[in-house]
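Shown below: my_file-v9.cif, with mmCIF, C-alpha atoms.
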data_start
loop_
_atom_site.group_PDB
_atom_site.id
_atom_site.type_symbol
_atom_site.label_atom_id
_atom_site.label_comp_id
_atom_site.auth_asym_id
_atom_site.auth_seq_id
_atom_site.Cartn_x
_atom_site.Cartn_y
_atom_site.Cartn_z
ATOM 1 C CA MET A 20 26.538 12.003 28.297
ATOM 2 C CA THR A 21 25.990 15.580 29.420
ATOM 3 C CA LYS A 22 22.641 17.283 29.005
ATOM 4 C CA PRO A 23 22.397 20.127 26.460
ATOM 5 C CA ILE A 24 22.260 23.656 27.779
ATOM 6 C CA PRO A 25 18.576 24.783 27.929
ATOM 7 C CA HIS A 26 19.038 27.868 25.706
ATOM 8 C CA ASN A 27 20.256 25.585 22.884
ATOM 9 C CA GLN A 28 17.287 23.218 23.128
ATOM 10 C CA GLN A 29 15.365 24.734 20.187
ATOM 11 C CA ALA A 30 18.403 24.780 17.913
ATOM 12 C CA PHE A 31 19.190 21.178 18.811
ATOM 13 C CA ALA A 32 15.564 20.182 18.219
ATOM 14 C CA ASP A 33 15.710 21.828 14.783
ATOM 15 C CA VAL A 34 18.823 19.840 13.847
ATOM 16 C CA LEU A 35 17.189 16.630 15.076
ATOM 17 C CA LYS A 36 14.092 17.372 12.967
ATOM 18 C CA GLN A 37 16.293 17.812 9.885
ATOM 19 C CA ILE A 38 17.981 14.479 10.542
ATOM 20 C CA GLN A 39 14.650 12.719 11.027
ATOM 21 C CA HIS A 40 13.166 14.350 7.931
ATOM 22 C CA SER A 41 16.154 13.245 5.826
ATOM 23 C CA ARG A 42 15.863 9.704 7.152
ATOM 24 C CA GLN A 43 12.176 9.624 6.162
ATOM 25 C CA LYS A 44 13.100 10.820 2.654
ATOM 26 C CA VAL A 45 15.705 8.059 2.366
ATOM 27 C CA PHE A 46 13.188 5.432 3.492
ATOM 28 C CA ALA A 47 10.671 6.756 0.940
ATOM 29 C CA HIS A 48 13.262 6.529 -1.846
ATOM 30 C CA ILE A 49 14.220 3.013 -0.814
ATOM 31 C CA ASN A 50 10.558 1.992 -0.782
ATOM 32 C CA THR A 51 10.003 3.465 -4.251
ATOM 33 C CA ALA A 52 13.039 1.619 -5.600
ATOM 34 C CA LEU A 53 11.865 -1.643 -4.022
ATOM 35 C CA ILE A 54 8.340 -1.292 -5.409
ATOM 36 C CA ASP A 55 9.832 -0.511 -8.846
ATOM 37 C CA LEU A 56 11.961 -3.659 -8.583
ATOM 38 C CA TYR A 57 8.934 -5.790 -7.686
ATOM 39 C CA TRP A 58 6.999 -4.181 -10.558
ATOM 40 C CA HIS A 59 9.729 -5.059 -13.073
ATOM 41 C CA ILE A 60 10.137 -8.595 -11.769
ATOM 42 C CA GLY A 61 6.349 -9.027 -11.948
ATOM 43 C CA GLN A 62 6.357 -7.678 -15.503
ATOM 44 C CA PHE A 63 9.209 -10.034 -16.478
ATOM 45 C CA ILE A 64 7.460 -13.086 -15.036
ATOM 46 C CA SER A 65 4.123 -12.074 -16.555
ATOM 47 C CA GLU A 66 5.701 -11.762 -20.002
ATOM 48 C CA LYS A 67 7.491 -15.119 -19.615
ATOM 49 C CA VAL A 68 4.293 -16.841 -18.505
ATOM 50 C CA ASN A 69 2.462 -15.439 -21.537
ATOM 51 C CA SER A 70 5.166 -15.864 -24.173
ATOM 52 C CA GLN A 71 7.172 -18.885 -23.069
ATOM 53 C CA ALA A 72 4.603 -20.734 -20.980
ATOM 54 C CA TRP A 73 6.468 -20.393 -17.721
ATOM 55 C CA GLY A 74 4.631 -22.114 -14.915
ATOM 56 C CA LYS A 75 4.985 -22.923 -11.245
ATOM 57 C CA ALA A 76 8.014 -25.148 -11.769
ATOM 58 C CA VAL A 77 10.015 -22.498 -13.658
ATOM 59 C CA VAL A 78 9.171 -19.762 -11.150
ATOM 60 C CA LYS A 79 10.171 -22.131 -8.357
ATOM 61 C CA GLU A 80 13.480 -22.716 -10.168
ATOM 62 C CA LEU A 81 13.948 -18.943 -10.420
ATOM 63 C CA ALA A 82 13.364 -18.571 -6.667
ATOM 64 C CA LEU A 83 15.835 -21.372 -5.994
ATOM 65 C CA TYR A 84 18.395 -19.820 -8.359
ATOM 66 C CA ILE A 85 18.127 -16.434 -6.613
ATOM 67 C CA ALA A 86 18.494 -18.081 -3.194
ATOM 68 C CA GLN A 87 21.548 -20.076 -4.286
ATOM 69 C CA GLN A 88 23.281 -17.199 -6.064
ATOM 70 C CA ASP A 89 22.694 -14.672 -3.285
ATOM 71 C CA PRO A 90 21.712 -16.338 0.013
ATOM 72 C CA GLU A 91 21.571 -12.906 1.717
ATOM 73 C CA LEU A 92 18.560 -11.838 -0.379
ATOM 74 C CA LYS A 93 15.197 -12.261 1.307
ATOM 75 C CA GLY A 94 11.695 -11.900 -0.099
ATOM 76 C CA PHE A 95 12.155 -13.738 -3.395
ATOM 77 C CA SER A 96 10.408 -17.012 -2.677
ATOM 78 C CA ASP A 97 8.288 -18.510 -5.456
ATOM 79 C CA LYS A 98 5.176 -17.374 -3.596
ATOM 80 C CA ASN A 99 6.418 -13.780 -3.456
ATOM 81 C CA LEU A 100 7.488 -13.894 -7.112
ATOM 82 C CA TRP A 101 3.912 -14.871 -8.035
ATOM 83 C CA ARG A 102 2.684 -11.941 -5.909
ATOM 84 C CA MET A 103 4.949 -9.627 -7.912
ATOM 85 C CA LYS A 104 3.375 -10.940 -11.109
ATOM 86 C CA GLN A 105 -0.100 -10.425 -9.672
ATOM 87 C CA PHE A 106 0.900 -6.923 -8.518
ATOM 88 C CA PHE A 107 2.086 -5.954 -11.993
ATOM 89 C CA GLU A 108 -0.939 -7.450 -13.728
ATOM 90 C CA THR A 109 -3.337 -5.738 -11.321
ATOM 91 C CA TYR A 110 -2.021 -2.229 -11.892
ATOM 92 C CA HIS A 111 -0.091 -2.068 -15.202
ATOM 93 C CA SER A 112 -3.028 -0.860 -17.298
ATOM 94 C CA ASP A 113 -4.338 1.591 -14.705
ATOM 95 C CA LYS A 114 -2.540 4.902 -15.270
ATOM 96 C CA THR A 115 -4.123 6.558 -12.198
ATOM 97 C CA LEU A 116 -3.328 3.821 -9.673
ATOM 98 C CA SER A 117 0.092 2.634 -10.852
ATOM 99 C CA PRO A 118 1.863 5.800 -9.570
ATOM 100 C CA LEU A 119 0.089 5.493 -6.198
ATOM 101 C CA VAL A 120 1.418 2.012 -5.461
ATOM 102 C CA ARG A 121 4.955 3.423 -5.329
ATOM 103 C CA GLU A 122 3.976 5.565 -2.339
ATOM 104 C CA LEU A 123 3.120 2.593 -0.119
ATOM 105 C CA PRO A 124 5.231 -0.250 1.270
ATOM 106 C CA TRP A 125 4.995 -3.734 -0.212
ATOM 107 C CA THR A 126 2.918 -5.073 2.684
ATOM 108 C CA HIS A 127 0.277 -2.390 2.126
ATOM 109 C CA ASN A 128 0.218 -3.141 -1.581
ATOM 110 C CA THR A 129 -0.166 -6.889 -1.084
ATOM 111 C CA LEU A 130 -3.027 -6.311 1.349
ATOM 112 C CA ILE A 131 -4.817 -4.079 -1.125
ATOM 113 C CA PHE A 132 -4.357 -6.001 -4.377
ATOM 114 C CA SER A 133 -4.980 -9.399 -2.820
ATOM 115 C CA ARG A 134 -8.077 -8.475 -0.779
ATOM 116 C CA CYS A 135 -9.881 -5.830 -2.824
ATOM 117 C CA LYS A 136 -12.329 -6.987 -5.443
ATOM 118 C CA SER A 137 -12.560 -3.972 -7.743
ATOM 119 C CA ALA A 138 -10.410 -1.162 -9.123
ATOM 120 C CA ASP A 139 -12.583 1.348 -7.241
ATOM 121 C CA GLU A 140 -11.965 -0.443 -3.957
ATOM 122 C CA ARG A 141 -8.214 -0.650 -4.614
ATOM 123 C CA ALA A 142 -8.143 3.072 -5.485
ATOM 124 C CA TYR A 143 -10.056 3.889 -2.309
ATOM 125 C CA TYR A 144 -7.662 2.014 -0.008
ATOM 126 C CA LEU A 145 -4.536 3.239 -1.819
ATOM 127 C CA ARG A 146 -5.623 6.861 -1.435
ATOM 128 C CA LEU A 147 -6.859 6.373 2.122
ATOM 129 C CA SER A 148 -3.606 4.704 3.205
ATOM 130 C CA ILE A 149 -1.516 7.476 1.678
ATOM 131 C CA LYS A 150 -3.700 10.245 3.110
ATOM 132 C CA GLU A 151 -3.998 8.789 6.620
ATOM 133 C CA GLY A 152 -0.519 7.247 6.832
ATOM 134 C CA TYR A 153 -1.950 3.894 7.922
ATOM 135 C CA SER A 154 0.263 1.165 9.302
ATOM 136 C CA SER A 155 -0.252 -2.218 7.637
ATOM 137 C CA ARG A 156 -2.140 -3.380 10.720
ATOM 138 C CA GLU A 157 -4.532 -0.411 10.543
ATOM 139 C CA LEU A 158 -5.015 -0.861 6.792
ATOM 140 C CA ASP A 159 -5.821 -4.541 7.361
ATOM 141 C CA ARG A 160 -8.324 -3.537 10.033
ATOM 142 C CA GLN A 161 -9.991 -1.013 7.718
ATOM 143 C CA ILE A 162 -10.284 -3.572 4.914
ATOM 144 C CA SER A 163 -11.641 -6.209 7.321
ATOM 145 C CA ALA A 164 -14.160 -3.680 8.661
ATOM 146 C CA SER A 165 -15.338 -2.957 5.079
ATOM 147 C CA HIS A 166 -14.543 0.746 5.307
ATOM 148 C CA PHE A 167 -14.936 1.113 1.520
ATOM 149 C CA GLU A 168 -18.384 -0.462 1.452
ATOM 150 C CA ARG A 169 -19.571 1.615 4.408
ATOM 151 C CA ALA A 170 -18.308 4.813 2.792
ATOM 152 C CA GLU A 171 -20.050 3.962 -0.474
ATOM 153 C CA ILE A 172 -23.340 3.189 1.274
ATOM 154 C CA GLY A 173 -23.133 6.486 3.176
ATOM 155 C CA ASN A 174 -22.512 8.408 -0.049
ATOM 156 C CA GLN A 175 -25.468 6.759 -1.805
ATOM 157 C CA LYS A 176 -27.802 8.048 0.895
ATOM 158 C CA LEU A 177 -26.981 11.660 -0.010
ATOM 159 C CA SER A 178 -29.598 13.337 -2.178
ATOM 160 C CA ALA A 179 -28.787 13.890 -5.841
ATOM 161 C CA VAL A 180 -29.318 17.644 -5.443
ATOM 162 C CA LEU A 181 -26.869 17.830 -2.526
ATOM 163 C CA ARG A 182 -24.269 15.830 -4.470
ATOM 164 C CA GLU A 183 -24.708 18.097 -7.487
ATOM 165 C CA LEU A 184 -24.465 21.332 -5.471
ATOM 166 C CA HIS A 185 -21.485 20.103 -3.440
ATOM 167 C CA PRO A 186 -19.483 17.554 -5.475
ATOM 168 C CA ASN A 187 -16.889 17.116 -2.691
ATOM 169 C CA ILE A 188 -19.400 16.335 0.032
ATOM 170 C CA HIS A 189 -18.687 12.577 0.129
ATOM 171 C CA ASN A 190 -18.129 11.347 3.697
ATOM 172 C CA THR A 191 -18.557 14.856 5.109
ATOM 173 C CA LEU A 192 -21.861 14.534 6.927
ATOM 174 C CA LYS A 193 -21.569 11.079 8.379
ATOM 175 C CA ASP A 194 -18.764 9.544 10.391
ATOM 176 C CA ASN A 195 -18.310 5.791 10.327
ATOM 177 C CA TYR A 196 -17.504 3.990 13.520
ATOM 178 C CA VAL A 197 -16.120 0.501 13.839
ATOM 179 C CA LEU A 198 -17.110 -0.887 17.195
ATOM 180 C CA GLU A 199 -16.069 -4.515 16.844
ATOM 181 C CA PHE A 200 -13.944 -4.199 19.989
ATOM 182 C CA LEU A 201 -17.164 -3.921 22.032
ATOM 183 C CA GLY A 202 -18.186 -7.469 21.120
ATOM 184 C CA LEU A 203 -21.792 -6.422 20.462
ATOM 185 C CA PRO A 204 -24.141 -8.838 18.665
ATOM 186 C CA LYS A 205 -24.811 -7.991 15.017
#

Could I get this file's structure written as structure tokens?
Amino acid sequence: MTKPIPHNQQAFADVLKQIQHSRQKVFAHINTALIDLYWHIGQFISEKVNSQAWGKAVVKELALYIAQQDPELKGFSDKNLWRMKQFFETYHSDKTLSPLVRELPWTHNTLIFSRCKSADERAYYLRLSIKEGYSSRELDRQISASHFERAEIGNQKLSAVLRELHPNIHNTLKDNYVLEFLGLPK
């Protein structure tokens, strides 16, 4: 392949940026559609469990049916179907968080709803992941390092007057550092 002429480099870079931007938009749309699918499957299973007493055996049959009817489909094991139910039940009544879950991949969502103990903690990690663009590995690290708890403790140390005068001051004055890689004693 021949190298582009130098005076066309910027124009070529602009075209490449457009292609990459469009690809990112497509991936975002696919992710939203997938999360919506998992939401609806979780809602369906939740309703069946509540109204028709579906249990582990029926959900296992559903997973088996899906696998037999469309062997190409992945991600619909009985374990993952139960996660979809848990996902729906965790967020369906929360009008502020349910739109946020559609902005993150499934792995991020499972990390958050399965490991966070409160709605406040889930909201914190959802917003942080969206804002910072965390990979699932980095999100897992932040949850394991108790980033939420450390942020809350830091905010409680602020004086009431300072919080009242500057309502958006949370996490402004104090940076948190996670130094577990140093192997220091606690």

With a distance cut-off of 9 Å and all atoms listed in the file, select the neighbouring residues of Arg102 (chain A), excluding the residue or stretch itself and same-chain residues fewer than 4 positions from it, and output the selection as a PyMOL selection string.
-> chain A and resi 57+61+97-98+106-107+129+133

Within 12 Å of (-11.1, -0.9, -4.0), in the coordinates the file gives, what residues turn up when you count all atoms listed in the file, written out as a PyMOL selection string?
-> chain A and resi 109+116+128+130-148+161-162+165-168+170-171

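Distance annotation: of A:Ser65, A:His40, A:His127, A:Gln28, the residue with the minimal separation from Leu100 (chain A) is A:Ser65; atom set is only C-alpha atoms.
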
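Interatomic distance, CA of Thr115 (chain A) to CA of Phe63 (chain A): 21.7 Å.
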
Work out how far CA of Ala86 (chain A) is from CA of Ile64 (chain A), in Å to one decimal.
-> 16.9 Å

Within 9 Å of Leu53 (chain A), counting all atoms listed in the file, which residues qualify if same-chain residues fewer than 3 places away don't, as a ChimeraX atom specification?
-> /A:48-50,56-58,121,124-125

By how many Å are CA of Gln37 (chain A) and CA of Ile54 (chain A) apart?
-> 25.7 Å

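With distances taken over all atoms listed in the file, A:Trp101 is the one residue among A:Gln62, A:Asp55, A:Ser155, A:Trp101 lying closest to Lys75 (chain A).
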
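Near (1.9, 11.3, 2.0), the residues that fall inside 12 Å on the basis of only C-alpha atoms are A:Gln43, A:Lys44, A:Ala47, A:Leu119, A:Val120, A:Arg121, A:Glu122, A:Leu123, A:Leu145, A:Arg146, A:Leu147, A:Ser148, A:Ile149, A:Lys150, A:Glu151, A:Gly152, A:Tyr153.
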
For those residues, write C-alpha atoms to a file as a PDB file, in the frame of the given file.
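So the final result, stored in selection.pdb, reads:
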ATOM      1  CA  GLN A  43      12.176   9.624   6.162  1.00  0.00           C
ATOM      2  CA  LYS A  44      13.100  10.820   2.654  1.00  0.00           C
ATOM      3  CA  ALA A  47      10.671   6.756   0.940  1.00  0.00           C
ATOM      4  CA  LEU A 119       0.089   5.493  -6.198  1.00  0.00           C
ATOM      5  CA  VAL A 120       1.418   2.012  -5.461  1.00  0.00           C
ATOM      6  CA  ARG A 121       4.955   3.423  -5.329  1.00  0.00           C
ATOM      7  CA  GLU A 122       3.976   5.565  -2.339  1.00  0.00           C
ATOM      8  CA  LEU A 123       3.120   2.593  -0.119  1.00  0.00           C
ATOM      9  CA  LEU A 145      -4.536   3.239  -1.819  1.00  0.00           C
ATOM     10  CA  ARG A 146      -5.623   6.861  -1.435  1.00  0.00           C
ATOM     11  CA  LEU A 147      -6.859   6.373   2.122  1.00  0.00           C
ATOM     12  CA  SER A 148      -3.606   4.704   3.205  1.00  0.00           C
ATOM     13  CA  ILE A 149      -1.516   7.476   1.678  1.00  0.00           C
ATOM     14  CA  LYS A 150      -3.700  10.245   3.110  1.00  0.00           C
ATOM     15  CA  GLU A 151      -3.998   8.789   6.620  1.00  0.00           C
ATOM     16  CA  GLY A 152      -0.519   7.247   6.832  1.00  0.00           C
ATOM     17  CA  TYR A 153      -1.950   3.894   7.922  1.00  0.00           C
TER      18      TYR A 153
END

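Using only C-alpha atoms, the smallest distance between any of A:Glu80, A:Asp33, A:Glu66, A:Asp159 and Thr126 (chain A) comes from A:Asp159.
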
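Proximity to Val77 (chain A) at 10 Å, evaluated using all atoms listed in the file and with sequence-adjacent residues fewer than 5 positions away removed, yields Ile64, Lys67, Val68, Ala72, Ala82, Leu83 and Asp97 of chain A.
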
Give me a file of those residues, with C-alpha atoms, as a PDB file, keeping the file's coordinate frame.
ATOM      1  CA  ILE A  64       7.460 -13.086 -15.036  1.00  0.00           C
ATOM      2  CA  LYS A  67       7.491 -15.119 -19.615  1.00  0.00           C
ATOM      3  CA  VAL A  68       4.293 -16.841 -18.505  1.00  0.00           C
ATOM      4  CA  ALA A  72       4.603 -20.734 -20.980  1.00  0.00           C
ATOM      5  CA  ALA A  82      13.364 -18.571  -6.667  1.00  0.00           C
ATOM      6  CA  LEU A  83      15.835 -21.372  -5.994  1.00  0.00           C
ATOM      7  CA  ASP A  97       8.288 -18.510  -5.456  1.00  0.00           C
TER       8      ASP A  97
END

Padding of 8 Å on every side, edges along x, y and z, all listed atoms of region 93-106 of chain A included: what centre and edge lengths in Å, to one decimal, does that box have, as JSON?
{"center_x": 7.5, "center_y": -12.7, "center_z": -4.9, "size_x": 31.3, "size_y": 27.6, "size_z": 28.4}

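Minimum distance to Glu108 (chain A) across A:Asn69, A:Gly74, A:Lys79, A:Glu91 (counting all atoms listed in the file) occurs at A:Asn69.
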
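Using only C-alpha atoms for every distance, the candidate list A:Lys104, A:His59, A:Arg156, A:Arg169 yields A:Lys104 as the residue closest to Val78 (chain A).
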